[in-house]
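Chemist: One structure is given below, represented as structure tokens, and several questions about it will come after.
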Amino acid sequence: MLFIHNCYLIDPASDTEGRRDILIDHGRFVKIQKNLMAPAGVPVIDAGGMIACPGLIDTHSHFRDPGFTYKEDLATGAEAAIKGGYTSIILMANTKPPVDSAEILSDILARGRTLPVHLYSCANVTKGMAGQTLCDLETLADCGAAGFTDDGLPIMDPEVLTQALIRAKALGLPVSLHEEDKRLISENGVNGGGKAAEALGLTGSPREAEYTLIARDVAIAASLDAPLCVQHISTAEGVDYVRKARAAHPCIHAEATPHHFSLTEDAVITKGTLAKVNPPLRTEKDRLAIIRGLQDGTIDLIATDHAPHATYEKEKPFVQAPSGMIGLETALSLAIKHLVQPGHLTMLQMLACLTCNPADFYHLDAGRVEVGAPADLTIFDPDQEWTVPTEFASKSCNSPFIGDRLPGVVRFTIKDGEIVYRR
């Protein structure tokens, strides 16, 4: 048993906000009330001055396992997750070998059951991520796939995507898409035609590479009424296409990453390869468009795209360095700083994008603080600040936020009623 005393509970799923005491037993919430008394002998967390919310859920993480475990592995990724307040993680499938077979998926999920987070994984849409032949989606679903994605690569053939959406819809699972038309990109990781590309002497990745594929793919999904997620959206035009499609077809969803609503291409000039991501950081207009998308529900998921890389890889010249940054340990704080503190979103609205919204989209038994639900809980101090360190729980340290002062300190991460992280 575990007793949480005097927390400020925010549960977006039930629109609950206020002082509560919480009793947990056998991994479930059993009482959520005001002025409860702690049973004798039960451990107590005094959460006065802190916010308690459902355990955070990330729908887009790369733990690099199998194949690239020098960057991250399941165990270190899980440690980064709980330090950031996450209790559920959905892994991407661009490992080596990719998650295009029942054998690989089953191995990841089996090893994940030993970790302090609920670990889920997507499987690939196409064999070898080649964009041509569909995987055996039905078998992968039977093995526990949370959804399907070739994240890292787009699906260029519209017929392949159409068939994938039809089959995934029949299984009740979503397809999530990396929307970058490689045919339009000279060098990835930097905004095409922008000031950072000019400073580097590069052509870069034009915005058309993203929004033209978004326009095509949301139209296909809308025609099929099939669940689709546009991953890590970066352009104002892309947000507009999703907004129009989602108004009539709520099966269409989109992710925003903390780095895309926190940074612009200016960070590439000051931080170099640490700010190199796909799709790239773009302009202030795009950043604000993403925030507006979060405000009006066009974008309903905040996902980290946690993408670890070794230091020596990020120290290569810009064109040769890999794209991506770690994000699990800074995501909540960045959302507080750039969404809540400026008044763009309430704390409840922001937390919905990290809890019940992803749980609903991926059909997870998570994201709620209610009697009988799994006792996954994040307790944090929203006002206390911390400095982003040079070393992380993650095996990698490729973050452009190192040295920044951020609000929001995670004090406890609780999974199935057990404290898995405390600070």
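Here, A, B, ... name the chains of the structure tokens in the order displayed, residue numbers run from 1 inside each chain, and ligands are numbered from 1 in the same displayed order.
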Write out as a PyMOL selection string the set of residues from range 85-256 of chain A that DSSP, computed on the backbone, places in alpha helix (DSSP H).
Modeler: chain A and resi 102-112+137-142+158-171+195-200+208-224+236-248
Chemist: Enumerate the residues of range 192-418 of chain A with a DSSP assignment of strand (DSSP E or B), computed from the backbone, and present them as JSON, numbers by chain.
Modeler: {"A": [205, 228, 229, 230, 252, 253, 254, 255, 256, 301, 302, 306, 325, 374, 377, 378, 379, 380, 381, 382, 383, 384, 385, 386, 387, 405, 406, 407, 408, 409, 410, 411, 412, 413, 414, 415, 418]}
Chemist: Name the residues in contact with range 298-309 of chain A at a cut-off of 8 Å, using only C-alpha atoms, excluding same-chain residues fewer than 6 positions from it; report them as a PDB file with all heavy atoms, in the first residue's frame.
Modeler:
ATOM      1  N   ASP A  58       4.717   8.462 -23.325  1.00  0.00           N
ATOM      2  CA  ASP A  58       5.389   8.926 -24.537  1.00  0.00           C
ATOM      3  C   ASP A  58       5.064   7.981 -25.678  1.00  0.00           C
ATOM      4  O   ASP A  58       5.312   6.775 -25.595  1.00  0.00           O
ATOM      5  CB  ASP A  58       6.897   9.011 -24.350  1.00  0.00           C
ATOM      6  CG  ASP A  58       7.577   9.693 -25.535  1.00  0.00           C
ATOM      7  OD1 ASP A  58       6.948  10.562 -26.160  1.00  0.00           O
ATOM      8  OD2 ASP A  58       8.725   9.348 -25.847  1.00  0.00           O
ATOM      9  N   THR A  59       4.537   8.522 -26.757  1.00  0.00           N
ATOM     10  CA  THR A  59       4.136   7.713 -27.903  1.00  0.00           C
ATOM     11  C   THR A  59       5.220   7.595 -28.961  1.00  0.00           C
ATOM     12  O   THR A  59       4.977   7.023 -30.023  1.00  0.00           O
ATOM     13  CB  THR A  59       2.879   8.313 -28.557  1.00  0.00           C
ATOM     14  OG1 THR A  59       3.169   9.645 -29.012  1.00  0.00           O
ATOM     15  CG2 THR A  59       1.719   8.353 -27.577  1.00  0.00           C
ATOM     16  N   HIS A  60       6.423   8.123 -28.671  1.00  0.00           N
ATOM     17  CA  HIS A  60       7.426   8.188 -29.744  1.00  0.00           C
ATOM     18  C   HIS A  60       8.825   8.248 -29.131  1.00  0.00           C
ATOM     19  O   HIS A  60       9.380   9.322 -28.913  1.00  0.00           O
ATOM     20  CB  HIS A  60       7.173   9.422 -30.607  1.00  0.00           C
ATOM     21  CG  HIS A  60       7.970   9.480 -31.863  1.00  0.00           C
ATOM     22  ND1 HIS A  60       7.492  10.059 -33.019  1.00  0.00           N
ATOM     23  CD2 HIS A  60       9.214   9.050 -32.174  1.00  0.00           C
ATOM     24  CE1 HIS A  60       8.400   9.974 -33.970  1.00  0.00           C
ATOM     25  NE2 HIS A  60       9.472   9.369 -33.466  1.00  0.00           N
ATOM     26  N   SER A  61       9.393   7.069 -28.839  1.00  0.00           N
ATOM     27  CA  SER A  61      10.744   7.004 -28.275  1.00  0.00           C
ATOM     28  C   SER A  61      11.582   5.998 -29.055  1.00  0.00           C
ATOM     29  O   SER A  61      11.069   4.996 -29.565  1.00  0.00           O
ATOM     30  CB  SER A  61      10.704   6.570 -26.807  1.00  0.00           C
ATOM     31  OG  SER A  61      10.615   7.665 -25.933  1.00  0.00           O
ATOM     32  N   HIS A  62      12.873   6.283 -29.095  1.00  0.00           N
ATOM     33  CA  HIS A  62      13.852   5.374 -29.699  1.00  0.00           C
ATOM     34  C   HIS A  62      14.795   4.903 -28.603  1.00  0.00           C
ATOM     35  O   HIS A  62      15.581   5.695 -28.076  1.00  0.00           O
ATOM     36  CB  HIS A  62      14.646   6.094 -30.788  1.00  0.00           C
ATOM     37  CG  HIS A  62      13.807   6.645 -31.899  1.00  0.00           C
ATOM     38  ND1 HIS A  62      13.499   5.929 -33.037  1.00  0.00           N
ATOM     39  CD2 HIS A  62      13.186   7.849 -32.036  1.00  0.00           C
ATOM     40  CE1 HIS A  62      12.741   6.666 -33.836  1.00  0.00           C
ATOM     41  NE2 HIS A  62      12.542   7.841 -33.241  1.00  0.00           N
ATOM     42  N   PHE A  63      14.713   3.628 -28.254  1.00  0.00           N
ATOM     43  CA  PHE A  63      15.636   3.064 -27.261  1.00  0.00           C
ATOM     44  C   PHE A  63      16.790   2.308 -27.928  1.00  0.00           C
ATOM     45  O   PHE A  63      17.618   1.729 -27.241  1.00  0.00           O
ATOM     46  CB  PHE A  63      14.890   2.159 -26.283  1.00  0.00           C
ATOM     47  CG  PHE A  63      14.121   2.898 -25.218  1.00  0.00           C
ATOM     48  CD1 PHE A  63      13.985   4.289 -25.247  1.00  0.00           C
ATOM     49  CD2 PHE A  63      13.520   2.213 -24.170  1.00  0.00           C
ATOM     50  CE1 PHE A  63      13.271   4.968 -24.270  1.00  0.00           C
ATOM     51  CE2 PHE A  63      12.803   2.884 -23.182  1.00  0.00           C
ATOM     52  CZ  PHE A  63      12.682   4.256 -23.234  1.00  0.00           C
ATOM     53  N   ARG A  64      16.825   2.273 -29.270  1.00  0.00           N
ATOM     54  CA  ARG A  64      17.980   1.795 -30.058  1.00  0.00           C
ATOM     55  C   ARG A  64      18.320   0.324 -29.822  1.00  0.00           C
ATOM     56  O   ARG A  64      19.450  -0.095 -30.075  1.00  0.00           O
ATOM     57  CB  ARG A  64      19.214   2.645 -29.755  1.00  0.00           C
ATOM     58  CG  ARG A  64      19.032   4.143 -29.878  1.00  0.00           C
ATOM     59  CD  ARG A  64      18.604   4.561 -31.248  1.00  0.00           C
ATOM     60  NE  ARG A  64      18.741   6.015 -31.443  1.00  0.00           N
ATOM     61  CZ  ARG A  64      18.161   6.675 -32.437  1.00  0.00           C
ATOM     62  NH1 ARG A  64      17.403   6.029 -33.318  1.00  0.00           N
ATOM     63  NH2 ARG A  64      18.330   7.977 -32.560  1.00  0.00           N
ATOM     64  N   LYS A  71      24.175   3.596 -28.088  1.00  0.00           N
ATOM     65  CA  LYS A  71      23.487   4.882 -27.927  1.00  0.00           C
ATOM     66  C   LYS A  71      22.503   4.836 -26.758  1.00  0.00           C
ATOM     67  O   LYS A  71      22.359   5.802 -26.001  1.00  0.00           O
ATOM     68  CB  LYS A  71      22.703   5.235 -29.194  1.00  0.00           C
ATOM     69  CG  LYS A  71      23.489   5.307 -30.498  1.00  0.00           C
ATOM     70  CD  LYS A  71      22.508   5.470 -31.666  1.00  0.00           C
ATOM     71  CE  LYS A  71      23.123   5.311 -33.032  1.00  0.00           C
ATOM     72  NZ  LYS A  71      23.462   6.594 -33.644  1.00  0.00           N
ATOM     73  N   GLU A  72      21.769   3.740 -26.656  1.00  0.00           N
ATOM     74  CA  GLU A  72      20.735   3.546 -25.644  1.00  0.00           C
ATOM     75  C   GLU A  72      20.363   2.071 -25.660  1.00  0.00           C
ATOM     76  O   GLU A  72      20.573   1.371 -26.665  1.00  0.00           O
ATOM     77  CB  GLU A  72      19.499   4.395 -25.970  1.00  0.00           C
ATOM     78  CG  GLU A  72      18.483   4.517 -24.822  1.00  0.00           C
ATOM     79  CD  GLU A  72      18.883   5.602 -23.823  1.00  0.00           C
ATOM     80  OE1 GLU A  72      19.798   5.330 -23.007  1.00  0.00           O
ATOM     81  OE2 GLU A  72      18.298   6.705 -23.847  1.00  0.00           O
ATOM     82  N   HIS A 232       5.709  14.184 -35.199  1.00  0.00           N
ATOM     83  CA  HIS A 232       6.614  15.343 -35.027  1.00  0.00           C
ATOM     84  C   HIS A 232       6.408  16.447 -36.079  1.00  0.00           C
ATOM     85  O   HIS A 232       7.302  16.781 -36.843  1.00  0.00           O
ATOM     86  CB  HIS A 232       8.072  14.908 -34.982  1.00  0.00           C
ATOM     87  CG  HIS A 232       8.493  13.862 -35.976  1.00  0.00           C
ATOM     88  ND1 HIS A 232       8.146  13.866 -37.312  1.00  0.00           N
ATOM     89  CD2 HIS A 232       9.275  12.761 -35.800  1.00  0.00           C
ATOM     90  CE1 HIS A 232       8.682  12.823 -37.910  1.00  0.00           C
ATOM     91  NE2 HIS A 232       9.365  12.134 -37.033  1.00  0.00           N
ATOM     92  N   VAL A 239       0.234  21.834 -39.977  1.00  0.00           N
ATOM     93  CA  VAL A 239      -0.777  21.987 -38.927  1.00  0.00           C
ATOM     94  C   VAL A 239      -2.130  22.319 -39.545  1.00  0.00           C
ATOM     95  O   VAL A 239      -3.163  21.771 -39.153  1.00  0.00           O
ATOM     96  CB  VAL A 239      -0.359  23.068 -37.914  1.00  0.00           C
ATOM     97  CG1 VAL A 239      -1.478  23.314 -36.899  1.00  0.00           C
ATOM     98  CG2 VAL A 239       0.925  22.668 -37.193  1.00  0.00           C
ATOM     99  N   VAL A 242      -3.769  19.224 -41.115  1.00  0.00           N
ATOM    100  CA  VAL A 242      -4.316  18.346 -40.085  1.00  0.00           C
ATOM    101  C   VAL A 242      -5.577  18.961 -39.489  1.00  0.00           C
ATOM    102  O   VAL A 242      -6.576  18.268 -39.261  1.00  0.00           O
ATOM    103  CB  VAL A 242      -3.268  18.076 -38.984  1.00  0.00           C
ATOM    104  CG1 VAL A 242      -3.907  17.327 -37.808  1.00  0.00           C
ATOM    105  CG2 VAL A 242      -2.089  17.285 -39.532  1.00  0.00           C
ATOM    106  N   ARG A 243      -5.565  20.262 -39.256  1.00  0.00           N
ATOM    107  CA  ARG A 243      -6.729  20.937 -38.658  1.00  0.00           C
ATOM    108  C   ARG A 243      -7.973  20.729 -39.533  1.00  0.00           C
ATOM    109  O   ARG A 243      -9.052  20.373 -39.027  1.00  0.00           O
ATOM    110  CB  ARG A 243      -6.447  22.428 -38.492  1.00  0.00           C
ATOM    111  CG  ARG A 243      -7.622  23.224 -37.928  1.00  0.00           C
ATOM    112  CD  ARG A 243      -7.276  24.695 -37.724  1.00  0.00           C
ATOM    113  NE  ARG A 243      -6.369  24.881 -36.603  1.00  0.00           N
ATOM    114  CZ  ARG A 243      -5.100  25.267 -36.727  1.00  0.00           C
ATOM    115  NH1 ARG A 243      -4.582  25.515 -37.935  1.00  0.00           N
ATOM    116  NH2 ARG A 243      -4.340  25.412 -35.659  1.00  0.00           N
ATOM    117  N   ARG A 246      -8.971  16.946 -39.487  1.00  0.00           N
ATOM    118  CA  ARG A 246      -9.433  16.478 -38.175  1.00  0.00           C
ATOM    119  C   ARG A 246     -10.816  17.024 -37.827  1.00  0.00           C
ATOM    120  O   ARG A 246     -11.579  16.384 -37.089  1.00  0.00           O
ATOM    121  CB  ARG A 246      -8.408  16.874 -37.118  1.00  0.00           C
ATOM    122  CG  ARG A 246      -8.671  16.339 -35.731  1.00  0.00           C
ATOM    123  CD  ARG A 246      -7.425  16.436 -34.856  1.00  0.00           C
ATOM    124  NE  ARG A 246      -7.727  16.319 -33.438  1.00  0.00           N
ATOM    125  CZ  ARG A 246      -8.042  15.196 -32.815  1.00  0.00           C
ATOM    126  NH1 ARG A 246      -8.097  14.059 -33.495  1.00  0.00           N
ATOM    127  NH2 ARG A 246      -8.309  15.185 -31.524  1.00  0.00           N
ATOM    128  N   HIS A 253      -4.817  12.345 -36.109  1.00  0.00           N
ATOM    129  CA  HIS A 253      -4.150  12.941 -34.953  1.00  0.00           C
ATOM    130  C   HIS A 253      -2.775  13.449 -35.371  1.00  0.00           C
ATOM    131  O   HIS A 253      -2.293  13.154 -36.460  1.00  0.00           O
ATOM    132  CB  HIS A 253      -4.000  11.915 -33.833  1.00  0.00           C
ATOM    133  CG  HIS A 253      -5.299  11.402 -33.301  1.00  0.00           C
ATOM    134  ND1 HIS A 253      -5.814  11.781 -32.083  1.00  0.00           N
ATOM    135  CD2 HIS A 253      -6.207  10.537 -33.846  1.00  0.00           C
ATOM    136  CE1 HIS A 253      -6.976  11.177 -31.885  1.00  0.00           C
ATOM    137  NE2 HIS A 253      -7.238  10.413 -32.940  1.00  0.00           N
ATOM    138  N   ALA A 254      -2.142  14.200 -34.465  1.00  0.00           N
ATOM    139  CA  ALA A 254      -0.796  14.698 -34.742  1.00  0.00           C
ATOM    140  C   ALA A 254      -0.026  14.844 -33.442  1.00  0.00           C
ATOM    141  O   ALA A 254      -0.604  15.096 -32.383  1.00  0.00           O
ATOM    142  CB  ALA A 254      -0.840  16.040 -35.474  1.00  0.00           C
ATOM    143  N   GLU A 255       1.294  14.675 -33.561  1.00  0.00           N
ATOM    144  CA  GLU A 255       2.222  14.864 -32.445  1.00  0.00           C
ATOM    145  C   GLU A 255       2.948  16.196 -32.579  1.00  0.00           C
ATOM    146  O   GLU A 255       3.312  16.610 -33.679  1.00  0.00           O
ATOM    147  CB  GLU A 255       3.333  13.812 -32.457  1.00  0.00           C
ATOM    148  CG  GLU A 255       2.951  12.378 -32.302  1.00  0.00           C
ATOM    149  CD  GLU A 255       4.165  11.487 -32.556  1.00  0.00           C
ATOM    150  OE1 GLU A 255       5.228  11.981 -33.007  1.00  0.00           O
ATOM    151  OE2 GLU A 255       4.019  10.280 -32.314  1.00  0.00           O
ATOM    152  N   ALA A 256       3.221  16.808 -31.444  1.00  0.00           N
ATOM    153  CA  ALA A 256       4.182  17.913 -31.371  1.00  0.00           C
ATOM    154  C   ALA A 256       5.291  17.495 -30.418  1.00  0.00           C
ATOM    155  O   ALA A 256       5.021  16.930 -29.363  1.00  0.00           O
ATOM    156  CB  ALA A 256       3.525  19.183 -30.869  1.00  0.00           C
ATOM    157  N   THR A 257       6.521  17.767 -30.789  1.00  0.00           N
ATOM    158  CA  THR A 257       7.631  17.481 -29.889  1.00  0.00           C
ATOM    159  C   THR A 257       7.964  18.716 -29.062  1.00  0.00           C
ATOM    160  O   THR A 257       7.730  19.855 -29.505  1.00  0.00           O
ATOM    161  CB  THR A 257       8.896  17.061 -30.654  1.00  0.00           C
ATOM    162  OG1 THR A 257       9.449  18.212 -31.317  1.00  0.00           O
ATOM    163  CG2 THR A 257       8.615  15.968 -31.663  1.00  0.00           C
ATOM    164  N   PRO A 258       8.530  18.525 -27.875  1.00  0.00           N
ATOM    165  CA  PRO A 258       8.961  19.689 -27.095  1.00  0.00           C
ATOM    166  C   PRO A 258       9.959  20.564 -27.832  1.00  0.00           C
ATOM    167  O   PRO A 258       9.921  21.800 -27.700  1.00  0.00           O
ATOM    168  CB  PRO A 258       9.579  19.053 -25.843  1.00  0.00           C
ATOM    169  CG  PRO A 258       8.820  17.775 -25.682  1.00  0.00           C
ATOM    170  CD  PRO A 258       8.613  17.281 -27.085  1.00  0.00           C
ATOM    171  N   ILE A 290       2.414  25.584 -34.239  1.00  0.00           N
ATOM    172  CA  ILE A 290       2.330  24.334 -33.493  1.00  0.00           C
ATOM    173  C   ILE A 290       1.655  24.563 -32.148  1.00  0.00           C
ATOM    174  O   ILE A 290       0.786  23.777 -31.725  1.00  0.00           O
ATOM    175  CB  ILE A 290       3.737  23.722 -33.327  1.00  0.00           C
ATOM    176  CG1 ILE A 290       4.249  23.233 -34.688  1.00  0.00           C
ATOM    177  CG2 ILE A 290       3.730  22.573 -32.320  1.00  0.00           C
ATOM    178  CD1 ILE A 290       5.726  22.899 -34.709  1.00  0.00           C
ATOM    179  N   PRO A 322      24.308  12.513 -37.270  1.00  0.00           N
ATOM    180  CA  PRO A 322      22.924  12.017 -37.296  1.00  0.00           C
ATOM    181  C   PRO A 322      21.962  13.042 -36.712  1.00  0.00           C
ATOM    182  O   PRO A 322      22.338  13.897 -35.902  1.00  0.00           O
ATOM    183  CB  PRO A 322      22.988  10.762 -36.424  1.00  0.00           C
ATOM    184  CG  PRO A 322      24.118  11.022 -35.478  1.00  0.00           C
ATOM    185  CD  PRO A 322      25.126  11.824 -36.254  1.00  0.00           C
ATOM    186  N   GLY A 324      18.625  14.090 -34.465  1.00  0.00           N
ATOM    187  CA  GLY A 324      17.894  13.649 -33.285  1.00  0.00           C
ATOM    188  C   GLY A 324      18.486  14.169 -32.002  1.00  0.00           C
ATOM    189  O   GLY A 324      19.673  14.485 -31.913  1.00  0.00           O
ATOM    190  N   MET A 325      17.620  14.244 -30.974  1.00  0.00           N
ATOM    191  CA  MET A 325      18.052  14.665 -29.642  1.00  0.00           C
ATOM    192  C   MET A 325      17.298  13.852 -28.601  1.00  0.00           C
ATOM    193  O   MET A 325      16.196  13.361 -28.852  1.00  0.00           O
ATOM    194  CB  MET A 325      17.820  16.159 -29.423  1.00  0.00           C
ATOM    195  CG  MET A 325      16.371  16.576 -29.416  1.00  0.00           C
ATOM    196  SD  MET A 325      16.113  18.362 -29.124  1.00  0.00           S
ATOM    197  CE  MET A 325      16.711  19.094 -30.643  1.00  0.00           C
ATOM    198  N   ILE A 326      17.913  13.695 -27.428  1.00  0.00           N
ATOM    199  CA  ILE A 326      17.200  13.037 -26.340  1.00  0.00           C
ATOM    200  C   ILE A 326      16.137  13.989 -25.803  1.00  0.00           C
ATOM    201  O   ILE A 326      16.242  15.209 -25.947  1.00  0.00           O
ATOM    202  CB  ILE A 326      18.157  12.591 -25.222  1.00  0.00           C
ATOM    203  CG1 ILE A 326      18.960  13.760 -24.659  1.00  0.00           C
ATOM    204  CG2 ILE A 326      19.096  11.497 -25.735  1.00  0.00           C
ATOM    205  CD1 ILE A 326      19.775  13.410 -23.433  1.00  0.00           C
ATOM    206  N   GLY A 327      15.089  13.420 -25.165  1.00  0.00           N
ATOM    207  CA  GLY A 327      14.013  14.305 -24.743  1.00  0.00           C
ATOM    208  C   GLY A 327      13.215  13.884 -23.532  1.00  0.00           C
ATOM    209  O   GLY A 327      12.442  14.679 -22.991  1.00  0.00           O
ATOM    210  N   LEU A 328      13.372  12.649 -23.070  1.00  0.00           N
ATOM    211  CA  LEU A 328      12.502  12.168 -21.997  1.00  0.00           C
ATOM    212  C   LEU A 328      12.707  12.910 -20.684  1.00  0.00           C
ATOM    213  O   LEU A 328      11.754  13.099 -19.919  1.00  0.00           O
ATOM    214  CB  LEU A 328      12.735  10.671 -21.783  1.00  0.00           C
ATOM    215  CG  LEU A 328      12.167   9.758 -22.863  1.00  0.00           C
ATOM    216  CD1 LEU A 328      12.716   8.345 -22.706  1.00  0.00           C
ATOM    217  CD2 LEU A 328      10.642   9.735 -22.808  1.00  0.00           C
ATOM    218  N   ALA A 331      11.177  16.861 -21.223  1.00  0.00           N
ATOM    219  CA  ALA A 331       9.913  17.147 -21.906  1.00  0.00           C
ATOM    220  C   ALA A 331       8.908  17.866 -21.022  1.00  0.00           C
ATOM    221  O   ALA A 331       8.305  18.875 -21.427  1.00  0.00           O
ATOM    222  CB  ALA A 331       9.305  15.855 -22.457  1.00  0.00           C
ATOM    223  N   ALA A 352      -3.093  16.696 -20.549  1.00  0.00           N
ATOM    224  CA  ALA A 352      -3.923  15.796 -21.362  1.00  0.00           C
ATOM    225  C   ALA A 352      -3.135  15.250 -22.548  1.00  0.00           C
ATOM    226  O   ALA A 352      -3.296  14.088 -22.936  1.00  0.00           O
ATOM    227  CB  ALA A 352      -5.176  16.530 -21.847  1.00  0.00           C
ATOM    228  N   CYS A 353      -2.269  16.075 -23.113  1.00  0.00           N
ATOM    229  CA  CYS A 353      -1.472  15.657 -24.272  1.00  0.00           C
ATOM    230  C   CYS A 353      -0.375  14.673 -23.898  1.00  0.00           C
ATOM    231  O   CYS A 353       0.238  14.060 -24.788  1.00  0.00           O
ATOM    232  CB  CYS A 353      -0.844  16.882 -24.942  1.00  0.00           C
ATOM    233  SG  CYS A 353      -2.039  18.050 -25.610  1.00  0.00           S
ATOM    234  N   LEU A 354      -0.121  14.532 -22.606  1.00  0.00           N
ATOM    235  CA  LEU A 354       0.906  13.613 -22.117  1.00  0.00           C
ATOM    236  C   LEU A 354       0.324  12.418 -21.380  1.00  0.00           C
ATOM    237  O   LEU A 354       1.075  11.550 -20.925  1.00  0.00           O
ATOM    238  CB  LEU A 354       1.853  14.361 -21.169  1.00  0.00           C
ATOM    239  CG  LEU A 354       2.825  15.352 -21.801  1.00  0.00           C
ATOM    240  CD1 LEU A 354       3.420  16.261 -20.733  1.00  0.00           C
ATOM    241  CD2 LEU A 354       3.925  14.624 -22.552  1.00  0.00           C
ATOM    242  N   ASN A 357      -4.812  11.549 -23.633  1.00  0.00           N
ATOM    243  CA  ASN A 357      -4.895  11.555 -25.094  1.00  0.00           C
ATOM    244  C   ASN A 357      -4.062  10.433 -25.726  1.00  0.00           C
ATOM    245  O   ASN A 357      -4.561   9.680 -26.577  1.00  0.00           O
ATOM    246  CB  ASN A 357      -4.480  12.908 -25.654  1.00  0.00           C
ATOM    247  CG  ASN A 357      -5.467  14.011 -25.331  1.00  0.00           C
ATOM    248  OD1 ASN A 357      -6.541  13.751 -24.781  1.00  0.00           O
ATOM    249  ND2 ASN A 357      -5.125  15.242 -25.653  1.00  0.00           N
ATOM    250  N   PRO A 358      -2.792  10.300 -25.372  1.00  0.00           N
ATOM    251  CA  PRO A 358      -2.046   9.171 -25.936  1.00  0.00           C
ATOM    252  C   PRO A 358      -2.586   7.816 -25.502  1.00  0.00           C
ATOM    253  O   PRO A 358      -2.572   6.857 -26.291  1.00  0.00           O
ATOM    254  CB  PRO A 358      -0.611   9.392 -25.434  1.00  0.00           C
ATOM    255  CG  PRO A 358      -0.698  10.394 -24.344  1.00  0.00           C
ATOM    256  CD  PRO A 358      -1.913  11.219 -24.624  1.00  0.00           C
ATOM    257  N   SER A 394      19.851   8.776 -19.433  1.00  0.00           N
ATOM    258  CA  SER A 394      20.067   8.214 -20.763  1.00  0.00           C
ATOM    259  C   SER A 394      21.543   7.920 -20.969  1.00  0.00           C
ATOM    260  O   SER A 394      22.418   8.570 -20.393  1.00  0.00           O
ATOM    261  CB  SER A 394      19.595   9.192 -21.843  1.00  0.00           C
ATOM    262  OG  SER A 394      19.977   8.754 -23.134  1.00  0.00           O
ATOM    263  N   LYS A 395      21.823   6.948 -21.809  1.00  0.00           N
ATOM    264  CA  LYS A 395      23.208   6.618 -22.138  1.00  0.00           C
ATOM    265  C   LYS A 395      23.852   7.717 -22.976  1.00  0.00           C
ATOM    266  O   LYS A 395      25.077   7.832 -23.042  1.00  0.00           O
ATOM    267  CB  LYS A 395      23.249   5.278 -22.884  1.00  0.00           C
ATOM    268  CG  LYS A 395      24.615   4.653 -22.990  1.00  0.00           C
ATOM    269  CD  LYS A 395      24.556   3.283 -23.696  1.00  0.00           C
ATOM    270  CE  LYS A 395      23.968   2.211 -22.818  1.00  0.00           C
ATOM    271  NZ  LYS A 395      24.088   0.861 -23.431  1.00  0.00           N
ATOM    272  N   SER A 396      23.037   8.542 -23.627  1.00  0.00           N
ATOM    273  CA  SER A 396      23.537   9.619 -24.484  1.00  0.00           C
ATOM    274  C   SER A 396      23.222  10.976 -23.867  1.00  0.00           C
ATOM    275  O   SER A 396      22.394  11.083 -22.957  1.00  0.00           O
ATOM    276  CB  SER A 396      22.931   9.519 -25.886  1.00  0.00           C
ATOM    277  OG  SER A 396      23.353   8.330 -26.542  1.00  0.00           O
ATOM    278  N   CYS A 397      23.891  12.009 -24.371  1.00  0.00           N
ATOM    279  CA  CYS A 397      23.702  13.356 -23.805  1.00  0.00           C
ATOM    280  C   CYS A 397      23.504  14.390 -24.904  1.00  0.00           C
ATOM    281  O   CYS A 397      23.863  15.557 -24.731  1.00  0.00           O
ATOM    282  CB  CYS A 397      24.881  13.726 -22.914  1.00  0.00           C
ATOM    283  SG  CYS A 397      26.482  13.692 -23.720  1.00  0.00           S
ATOM    284  N   ASN A 398      22.933  13.991 -26.034  1.00  0.00           N
ATOM    285  CA  ASN A 398      22.755  14.905 -27.162  1.00  0.00           C
ATOM    286  C   ASN A 398      21.496  15.753 -26.991  1.00  0.00           C
ATOM    287  O   ASN A 398      20.454  15.512 -27.572  1.00  0.00           O
ATOM    288  CB  ASN A 398      22.716  14.136 -28.491  1.00  0.00           C
ATOM    289  CG  ASN A 398      21.707  13.004 -28.515  1.00  0.00           C
ATOM    290  OD1 ASN A 398      21.689  12.160 -27.637  1.00  0.00           O
ATOM    291  ND2 ASN A 398      20.859  12.985 -29.540  1.00  0.00           N
TER     292      ASN A 398
END
Chemist: Name the closest residue to Phe261 in chain A among the candidates A:Ala236, A:Ala52, A:Ala245, A:Ile90; distances are taken between atoms, counting only C-alpha atoms.
Modeler: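 The answer is A:Ala236, which sits nearest to Phe261 in chain A.
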Chemist: Fewer than 2 positions away in the same chain doesn't count, so skip those; otherwise give me all residues within 8 Å of Asp21 in chain A, counting only C-alpha atoms, as a PyMOL selection string.
Modeler: chain A and resi 3-7+19+23+31-36
Chemist: Pick the closest to Thr387 in chain A from A:Pro407, A:Pro400, A:Gly372, A:Gly193: which is it, counting only C-alpha atoms?
Modeler: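 Between A:Pro407, A:Pro400, A:Gly372, A:Gly193, the residue approaching Thr387 in chain A most closely is A:Pro407.
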Chemist: Record the distance separating CA of Pro206 in chain A and CA of Leu184 in chain A, expressed in Å with one decimal.
Modeler: 7.1 Å
Chemist: Please report the interatomic distance between CA of Thr378 in chain A and CA of Ile414 in chain A in Å with one decimal.
Modeler: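 Atom-to-atom, CA of Thr378 in chain A and CA of Ile414 in chain A are spaced 6.3 Å apart.
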